Amino acid sequence: MSQVFISYRHSNTHSPRVAELVKTLRAAGVNVVIDSDQLPAGPNGGWPKWSQQQVEKADKVLIACTPGWHECYEADGPLGIGHGCAAEAHIVRQMLYNQGFNNPQFRVVLLAPEDINSIPLGLQAYHRFHWHKPEDQAHVLTWLTATASSPATAQPPAISWPTLHTPFDRRMANCHDEFHAFEAMLQSQSAKRALLIHGPSGRGKTHLTNEFQRMAIELGLDHSRIECRHGVTLEAVLHRQIEIPGFTTGASNSFSMQCKHLIDACKNLNRPHLLLIDTFEQASQEVKDWLERDVLARLHACPALRVVVCGQSVPNQQHAVWRGYAQSFDLKPIFDTQAWQEFCVKHSRRTSLPEDFIQFIQALTFTFQGDPKQISPILSLYTERLGATESAR
C-alpha cells in the first residue's frame with residue numbers, strides 16, 4: 001500500500017486541523033504516517049533523522065502550509081524550534097532540485113483559507129489542494145491513491161451512461177427534487193454520486209426506493225439492493241445482496257479482503273451500477289461502518305458506482321471526506337393538495353377530478369397532516385375506482 005507522509009509545523013491552531021485531516025484520510029483507507037504516531041517517547045534515531053527518512057521513503061507527501069512551515073522552508077525562522085519540520089522542508093527542497101523540479105511526490109494542502117499566503121515561492125508553481133473546500137477533498141484522495149501502474153494520465157474505463165428519453169412515470173406525490181437529482185445522477189449529468197434520503201416512519205422512503213429501482217430496471221441499469229431490516233450482517237450483504245460484475249466472495253477470504261475485492265470490482269466497472277440501501281437505521285454496525293468507510297469514502301475512485309441510502313437515519317456527511325459527492329434530502333409531510341391532485345389524475349388516467357373528490361383530498365390531507373403513509377393508500381384505492389368508472393363510459 002502506498003505510504004503518505006504529512007509534513008507540518010506544530011501550533012495550537014494548526015495541529016488539531018492536521019489531526020482531523022489524518023483521521024479522515026485513514027478512514028478512507030489511506031496509509032498515513034505522521035509524527036504524533038511516534039509519541040510519547042519519540043523515534044529512537046531522533047527527530048531530524050526520522051523526519052528526513054519519512055520524506056525520502058514516502059510515496060506521496062502532503063505539505064500542510066502555515067507561516068511556521070514557510071519559515072522552515074525558507075530557513076529564516078527563529079533558532080531552537082521546529083527542527084523536525086525544518087529537516088523535512090530541507091529534504092523537500094533538495095529532492096525537488098535533484099529531480100529537476102519535476103514533482104510527482106509533493107503537494108501543498110491548505111487546511112484553512114488564510115494558509116494560501118504561506119506557500120513558499122519554490123512550491124507555488126505546483127497544484128495545491130484546498131482541504132477546507134468539500135469538492136477538493138475528493139481530489140486529494142484521487143491524487144493520493146494514484147499509483148505508478150495507474151498514473152493520472154491513464155484513461156479510466158469508458159462508461160456508457162443511459163439517457164432518459166421520456167419522463168419517468170413516477171407513482172408518487174411530490175418528490176420532484178429527489179427524482180430530478182436521481183435522474184441527473186443516473187445519466188452522469190451531475191457531480192453527485194450518492195443520495196441520502198432521510199425521514200421518519202411513514203414518509204415514503206421504501207416507496208421511493210422502489211420507484212428508483214423501477215426506473216433503473218426501465219433504463220436497463222445493473223443494480224443491487226440491500227435490505228437492512230432486522231440488523232442485516234455484513235456477511236449476508238456480501239454473500240447474498242451484492243451483484244456487482246467481477247465480484248465474488250471466497251469462503252477462505254476474510255471480510256476485509258472481500259471488501260477490498262468489492263471496491264476493486266467497482267473501480268473497474270464499465271457500466272453504471274446502482275447500489276440501493278433501504279432502512280439504513282436497522283443495519284448492523286458493521287454494515288454501517290462498511291458503507292461509510294469502504295463504499296462512500298471510495299466513491300472518488302469508482303466513477304461508475306451510484307449509491308442511494310434511505311432510512312430514518314443516514315450517514316452523516318457534514319465532516320465526511322465524501323460529502324462533496326453526496327446530496328441529502330429530508331422527506332416531509334405533503335400538505336400541498338395540488339400535489340395530491342396531480343397524483344390522483346395520473347393514477348386515475350383522467351384529465352380532471354370531480355369537485356367533490358378534490359374536497360375529499362383536501363379533507364384527507366388535513367385529517368392526516370400530510371402523512372403519505374396514511375394518505376397514499378386511500379387515494380390509490382379511490383383513484384382506481386375513478387379510473388375504472390372512466391373506462392366504463
# chains A, B, ... in the order shown; residues from 1 in each chain; ligands from 1

call {"tool": "residues_around", "arguments": {"residues": "segment 86-103 of chain A", "least_positions_apart": "4", "cutoff": "7 Å", "atoms": "only C-alpha atoms", "output": "MDAnalysis selection string"}}
result
chainID A and resid 7 48 51:52 55 72:73 82

call {"tool": "write_last_selection", "arguments": {"atoms": "C-alpha atoms", "output": "compact mmCIF listing (two decimals), in the first residue's frame"}}
result
# COMPACT_ATOMS: atom_id res chain seq x y z
CA SER A 7 4.66 17.45 6.83
CA PRO A 48 15.79 15.02 12.46
CA SER A 51 11.73 13.35 9.65
CA GLN A 52 14.20 13.15 6.80
CA VAL A 55 10.07 12.41 3.32
CA CYS A 72 11.23 26.29 7.92
CA TYR A 73 11.34 26.01 4.12
CA GLY A 82 10.69 23.46 14.58

call {"tool": "residues_around", "arguments": {"residues": "His300 of chain A", "least_positions_apart": "5", "cutoff": "12 Å", "atoms": "only C-alpha atoms", "output": "mmCIF file with N, CA and C atoms, in the first residue's frame"}}
result
data_model
loop_
_atom_site.group_PDB
_atom_site.id
_atom_site.type_symbol
_atom_site.label_atom_id
_atom_site.label_comp_id
_atom_site.auth_asym_id
_atom_site.auth_seq_id
_atom_site.Cartn_x
_atom_site.Cartn_y
_atom_site.Cartn_z
ATOM 1 N N ALA A 28 -10.643 6.769 5.030
ATOM 2 C CA ALA A 28 -10.818 6.483 3.603
ATOM 3 C C ALA A 28 -9.848 5.429 3.101
ATOM 4 N N GLU A 135 -15.313 19.988 -2.221
ATOM 5 C CA GLU A 135 -15.067 19.426 -3.550
ATOM 6 C C GLU A 135 -13.599 19.060 -3.750
ATOM 7 N N ASP A 136 -12.679 19.706 -3.015
ATOM 8 C CA ASP A 136 -11.263 19.414 -3.185
ATOM 9 C C ASP A 136 -10.826 18.176 -2.412
ATOM 10 N N GLN A 137 -11.590 17.757 -1.424
ATOM 11 C CA GLN A 137 -11.194 16.594 -0.630
ATOM 12 C C GLN A 137 -11.165 15.337 -1.490
ATOM 13 N N ALA A 138 -12.126 15.213 -2.399
ATOM 14 C CA ALA A 138 -12.127 14.065 -3.305
ATOM 15 C C ALA A 138 -10.907 14.102 -4.228
ATOM 16 N N HIS A 139 -10.481 15.317 -4.617
ATOM 17 C CA HIS A 139 -9.306 15.434 -5.481
ATOM 18 C C HIS A 139 -8.041 15.001 -4.745
ATOM 19 N N VAL A 140 -7.963 15.305 -3.450
ATOM 20 C CA VAL A 140 -6.829 14.849 -2.649
ATOM 21 C C VAL A 140 -6.740 13.325 -2.678
ATOM 22 N N LEU A 141 -7.888 12.670 -2.450
ATOM 23 C CA LEU A 141 -7.904 11.203 -2.436
ATOM 24 C C LEU A 141 -7.535 10.626 -3.791
ATOM 25 N N THR A 142 -8.006 11.252 -4.848
ATOM 26 C CA THR A 142 -7.676 10.772 -6.190
ATOM 27 C C THR A 142 -6.169 10.813 -6.418
ATOM 28 N N TRP A 143 -5.532 11.907 -6.017
ATOM 29 C CA TRP A 143 -4.081 12.019 -6.195
ATOM 30 C C TRP A 143 -3.337 11.037 -5.297
ATOM 31 N N LEU A 144 -3.766 10.909 -4.053
ATOM 32 C CA LEU A 144 -3.057 10.039 -3.114
ATOM 33 C C LEU A 144 -3.155 8.574 -3.501
ATOM 34 N N THR A 145 -4.258 8.165 -4.106
ATOM 35 C CA THR A 145 -4.454 6.753 -4.413
ATOM 36 C C THR A 145 -3.977 6.381 -5.809
ATOM 37 N N ALA A 146 -3.524 7.365 -6.607
ATOM 38 C CA ALA A 146 -2.946 7.060 -7.920
ATOM 39 C C ALA A 146 -1.598 6.392 -7.713
ATOM 40 N N ALA A 191 -22.409 16.006 -10.615
ATOM 41 C CA ALA A 191 -21.191 15.574 -9.928
ATOM 42 C C ALA A 191 -21.501 14.672 -8.747
ATOM 43 N N LYS A 192 -22.781 14.567 -8.372
ATOM 44 C CA LYS A 192 -23.157 13.755 -7.222
ATOM 45 C C LYS A 192 -23.171 12.278 -7.600
ATOM 46 N N ARG A 193 -22.703 11.462 -6.646
ATOM 47 C CA ARG A 193 -22.694 10.014 -6.853
ATOM 48 C C ARG A 193 -23.474 9.276 -5.776
ATOM 49 N N ALA A 194 -24.023 10.010 -4.816
ATOM 50 C CA ALA A 194 -24.804 9.383 -3.743
ATOM 51 C C ALA A 194 -25.939 10.305 -3.329
ATOM 52 N N ILE A 263 -14.441 -3.321 -3.803
ATOM 53 C CA ILE A 263 -14.065 -1.986 -4.261
ATOM 54 C C ILE A 263 -13.246 -2.073 -5.545
ATOM 55 N N CYS A 266 -15.640 -2.457 -8.258
ATOM 56 C CA CYS A 266 -16.347 -1.194 -8.519
ATOM 57 C C CYS A 266 -15.470 -0.217 -9.300
ATOM 58 N N LYS A 267 -14.174 -0.210 -9.002
ATOM 59 C CA LYS A 267 -13.263 0.689 -9.713
ATOM 60 C C LYS A 267 -13.191 0.353 -11.202
ATOM 61 N N ASP A 294 -15.905 2.013 3.481
ATOM 62 C CA ASP A 294 -15.445 1.271 2.308
ATOM 63 C C ASP A 294 -16.147 1.686 1.019
ATOM 64 N N VAL A 295 -17.385 2.144 1.106
ATOM 65 C CA VAL A 295 -18.133 2.476 -0.107
ATOM 66 C C VAL A 295 -18.155 3.984 -0.341
ATOM 67 N N LEU A 305 -20.091 3.876 -10.073
ATOM 68 C CA LEU A 305 -20.945 3.471 -8.963
ATOM 69 C C LEU A 305 -21.832 4.630 -8.521
ATOM 70 N N ARG A 306 -23.114 4.344 -8.323
ATOM 71 C CA ARG A 306 -24.078 5.304 -7.798
ATOM 72 C C ARG A 306 -24.779 4.667 -6.599
ATOM 73 N N VAL A 321 -15.211 12.901 4.232
ATOM 74 C CA VAL A 321 -14.378 13.183 3.077
ATOM 75 C C VAL A 321 -15.169 13.056 1.778
ATOM 76 N N TRP A 322 -16.261 12.311 1.809
ATOM 77 C CA TRP A 322 -17.048 12.071 0.594
ATOM 78 C C TRP A 322 -18.213 13.040 0.452
ATOM 79 N N ARG A 323 -18.316 14.051 1.313
ATOM 80 C CA ARG A 323 -19.517 14.892 1.307
ATOM 81 C C ARG A 323 -19.710 15.667 0.001
ATOM 82 N N GLY A 324 -18.608 15.931 -0.720
ATOM 83 C CA GLY A 324 -18.751 16.628 -1.993
ATOM 84 C C GLY A 324 -19.447 15.809 -3.060
ATOM 85 N N TYR A 325 -19.506 14.486 -2.852
ATOM 86 C CA TYR A 325 -20.151 13.602 -3.822
ATOM 87 C C TYR A 325 -21.592 13.270 -3.457
ATOM 88 N N ALA A 326 -22.064 13.721 -2.308
ATOM 89 C CA ALA A 326 -23.384 13.300 -1.817
ATOM 90 C C ALA A 326 -24.351 14.473 -1.731
#

call {"tool": "residues_around", "arguments": {"residues": "segment 20-24 of chain A", "least_positions_apart": "2", "cutoff": "12 Å", "atoms": "only C-alpha atoms", "output": "ChimeraX atom specification"}}
result
/A:4-8,14-18,26-37,62-64,109-112,130-132,137-138,140-141,292-293,297,317,319-323

call {"tool": "write_last_selection", "arguments": {"atoms": "C-alpha atoms", "output": "JSON list (two decimals), in the first residue's frame"}}
result
[["chain", "number", "residue", "atom", "x", "y", "z"],
["A", 4, "VAL", "CA", 1.62, 9.10, 2.61],
["A", 5, "PHE", "CA", 3.55, 11.43, 4.91],
["A", 6, "ILE", "CA", 2.11, 14.65, 6.37],
["A", 7, "SER", "CA", 4.66, 17.45, 6.83],
["A", 8, "TYR", "CA", 3.50, 20.31, 9.06],
["A", 14, "HIS", "CA", -2.92, 24.07, 13.21],
["A", 15, "SER", "CA", -2.17, 20.74, 14.92],
["A", 16, "PRO", "CA", -5.86, 19.86, 15.57],
["A", 17, "ARG", "CA", -6.62, 20.54, 11.89],
["A", 18, "VAL", "CA", -3.83, 18.18, 10.87],
["A", 26, "ARG", "CA", -7.23, 6.95, 7.35],
["A", 27, "ALA", "CA", -11.00, 6.42, 7.40],
["A", 28, "ALA", "CA", -10.82, 6.48, 3.60],
["A", 29, "GLY", "CA", -8.17, 3.75, 3.63],
["A", 30, "VAL", "CA", -5.06, 5.90, 3.09],
["A", 31, "ASN", "CA", -1.84, 4.68, 4.76],
["A", 32, "VAL", "CA", -0.79, 7.87, 6.57],
["A", 33, "VAL", "CA", 2.44, 8.43, 8.52],
["A", 34, "ILE", "CA", 2.62, 11.33, 10.98],
["A", 35, "ASP", "CA", 4.95, 12.32, 13.80],
["A", 36, "SER", "CA", 2.28, 12.00, 16.50],
["A", 37, "ASP", "CA", 2.38, 8.22, 15.99],
["A", 62, "LEU", "CA", 1.21, 16.38, 1.77],
["A", 63, "ILE", "CA", 2.63, 19.67, 2.99],
["A", 64, "ALA", "CA", 0.24, 21.48, 5.31],
["A", 109, "VAL", "CA", -2.68, 21.05, 1.23],
["A", 110, "LEU", "CA", -4.34, 24.12, 2.73],
["A", 111, "LEU", "CA", -6.37, 23.44, 5.86],
["A", 112, "ALA", "CA", -7.74, 26.98, 6.21],
["A", 130, "HIS", "CA", -7.91, 23.38, -0.57],
["A", 131, "TRP", "CA", -8.92, 20.77, 2.02],
["A", 132, "HIS", "CA", -11.36, 23.22, 3.62],
["A", 137, "GLN", "CA", -11.19, 16.59, -0.63],
["A", 138, "ALA", "CA", -12.13, 14.06, -3.30],
["A", 140, "VAL", "CA", -6.83, 14.85, -2.65],
["A", 141, "LEU", "CA", -7.90, 11.20, -2.44],
["A", 292, "GLU", "CA", -19.30, 4.76, 5.19],
["A", 293, "ARG", "CA", -15.64, 3.69, 5.24],
["A", 297, "ALA", "CA", -15.31, 7.04, 1.22],
["A", 317, "GLN", "CA", -21.89, 13.78, 5.59],
["A", 319, "HIS", "CA", -17.45, 16.33, 8.03],
["A", 320, "ALA", "CA", -17.02, 13.28, 5.78],
["A", 321, "VAL", "CA", -14.38, 13.18, 3.08],
["A", 322, "TRP", "CA", -17.05, 12.07, 0.59],
["A", 323, "ARG", "CA", -19.52, 14.89, 1.31]]

call {"tool": "residues_around", "arguments": {"residues": "Ile378 of chain A", "least_positions_apart": "3", "cutoff": "12 Å", "atoms": "only C-alpha atoms", "output": "list in words"}}
result
Trp340, Cys344, Phe360, Ile361, Leu364, Thr365, Phe368, Asp371, Pro372, Lys373, Gln374, Ile375, Leu381, Tyr382, Thr383, Glu384 and Arg385 of chain A

call {"tool": "select_by_dssp", "arguments": {"residues": "segment 70-119 of chain A", "states": "strand (DSSP E)", "output": "PyMOL selection string"}}
result
chain A and resi 106-110

call {"tool": "closest_residue", "arguments": {"among": "A:Ser352, A:Thr209, A:Ser2, A:Asn174", "to": "Asp59 of chain A", "atoms": "only C-alpha atoms"}}
result
A:Ser2

call {"tool": "atom_distance", "arguments": {"atom1": "atom CA of Gly231 of chain A", "atom2": "atom CA of Gln282 of chain A"}}
result
5.3 Å

call {"tool": "residues_around", "arguments": {"residues": "Lys205 of chain A", "least_positions_apart": "2", "cutoff": "10 Å", "atoms": "only C-alpha atoms", "output": "list in words"}}
result
Ile197, His198, Gly199, Pro200, Ser201, Gly202, Arg203, His207, Leu208, Thr209, Asn210, Glu211, Asp278, Thr279, Val309, Cys310, Gly311, Gln312, Asp330, Leu331 and Lys373 of chain A

call {"tool": "select_by_dssp", "arguments": {"residues": "segment 72-313 of chain A", "states": "helix (DSSP H, G or I)", "output": "number ranges by chain"}}
result
A: 72-74, 83-98, 113-118, 121-123, 134-145, 176-186, 205-218, 234-241, 255-267, 280-282, 285-301

call {"tool": "residues_around", "arguments": {"residues": "segment 120-128 of chain A", "least_positions_apart": "3", "cutoff": "7 Å", "atoms": "only C-alpha atoms", "output": "CSV table (one decimal) with C-alpha atoms, in the first residue's frame"}}
result
chain,number,residue,atom,x,y,z
A,70,HIS,CA,7.1,28.6,5.4
A,107,ARG,CA,1.7,18.7,-2.9
A,108,VAL,CA,0.6,21.5,-0.7
A,109,VAL,CA,-2.7,21.0,1.2

call {"tool": "closest_residue", "arguments": {"among": "A:Val61, A:Leu299, A:Val287, A:Cys175", "to": "Leu238 of chain A", "atoms": "only C-alpha atoms"}}
result
A:Val287
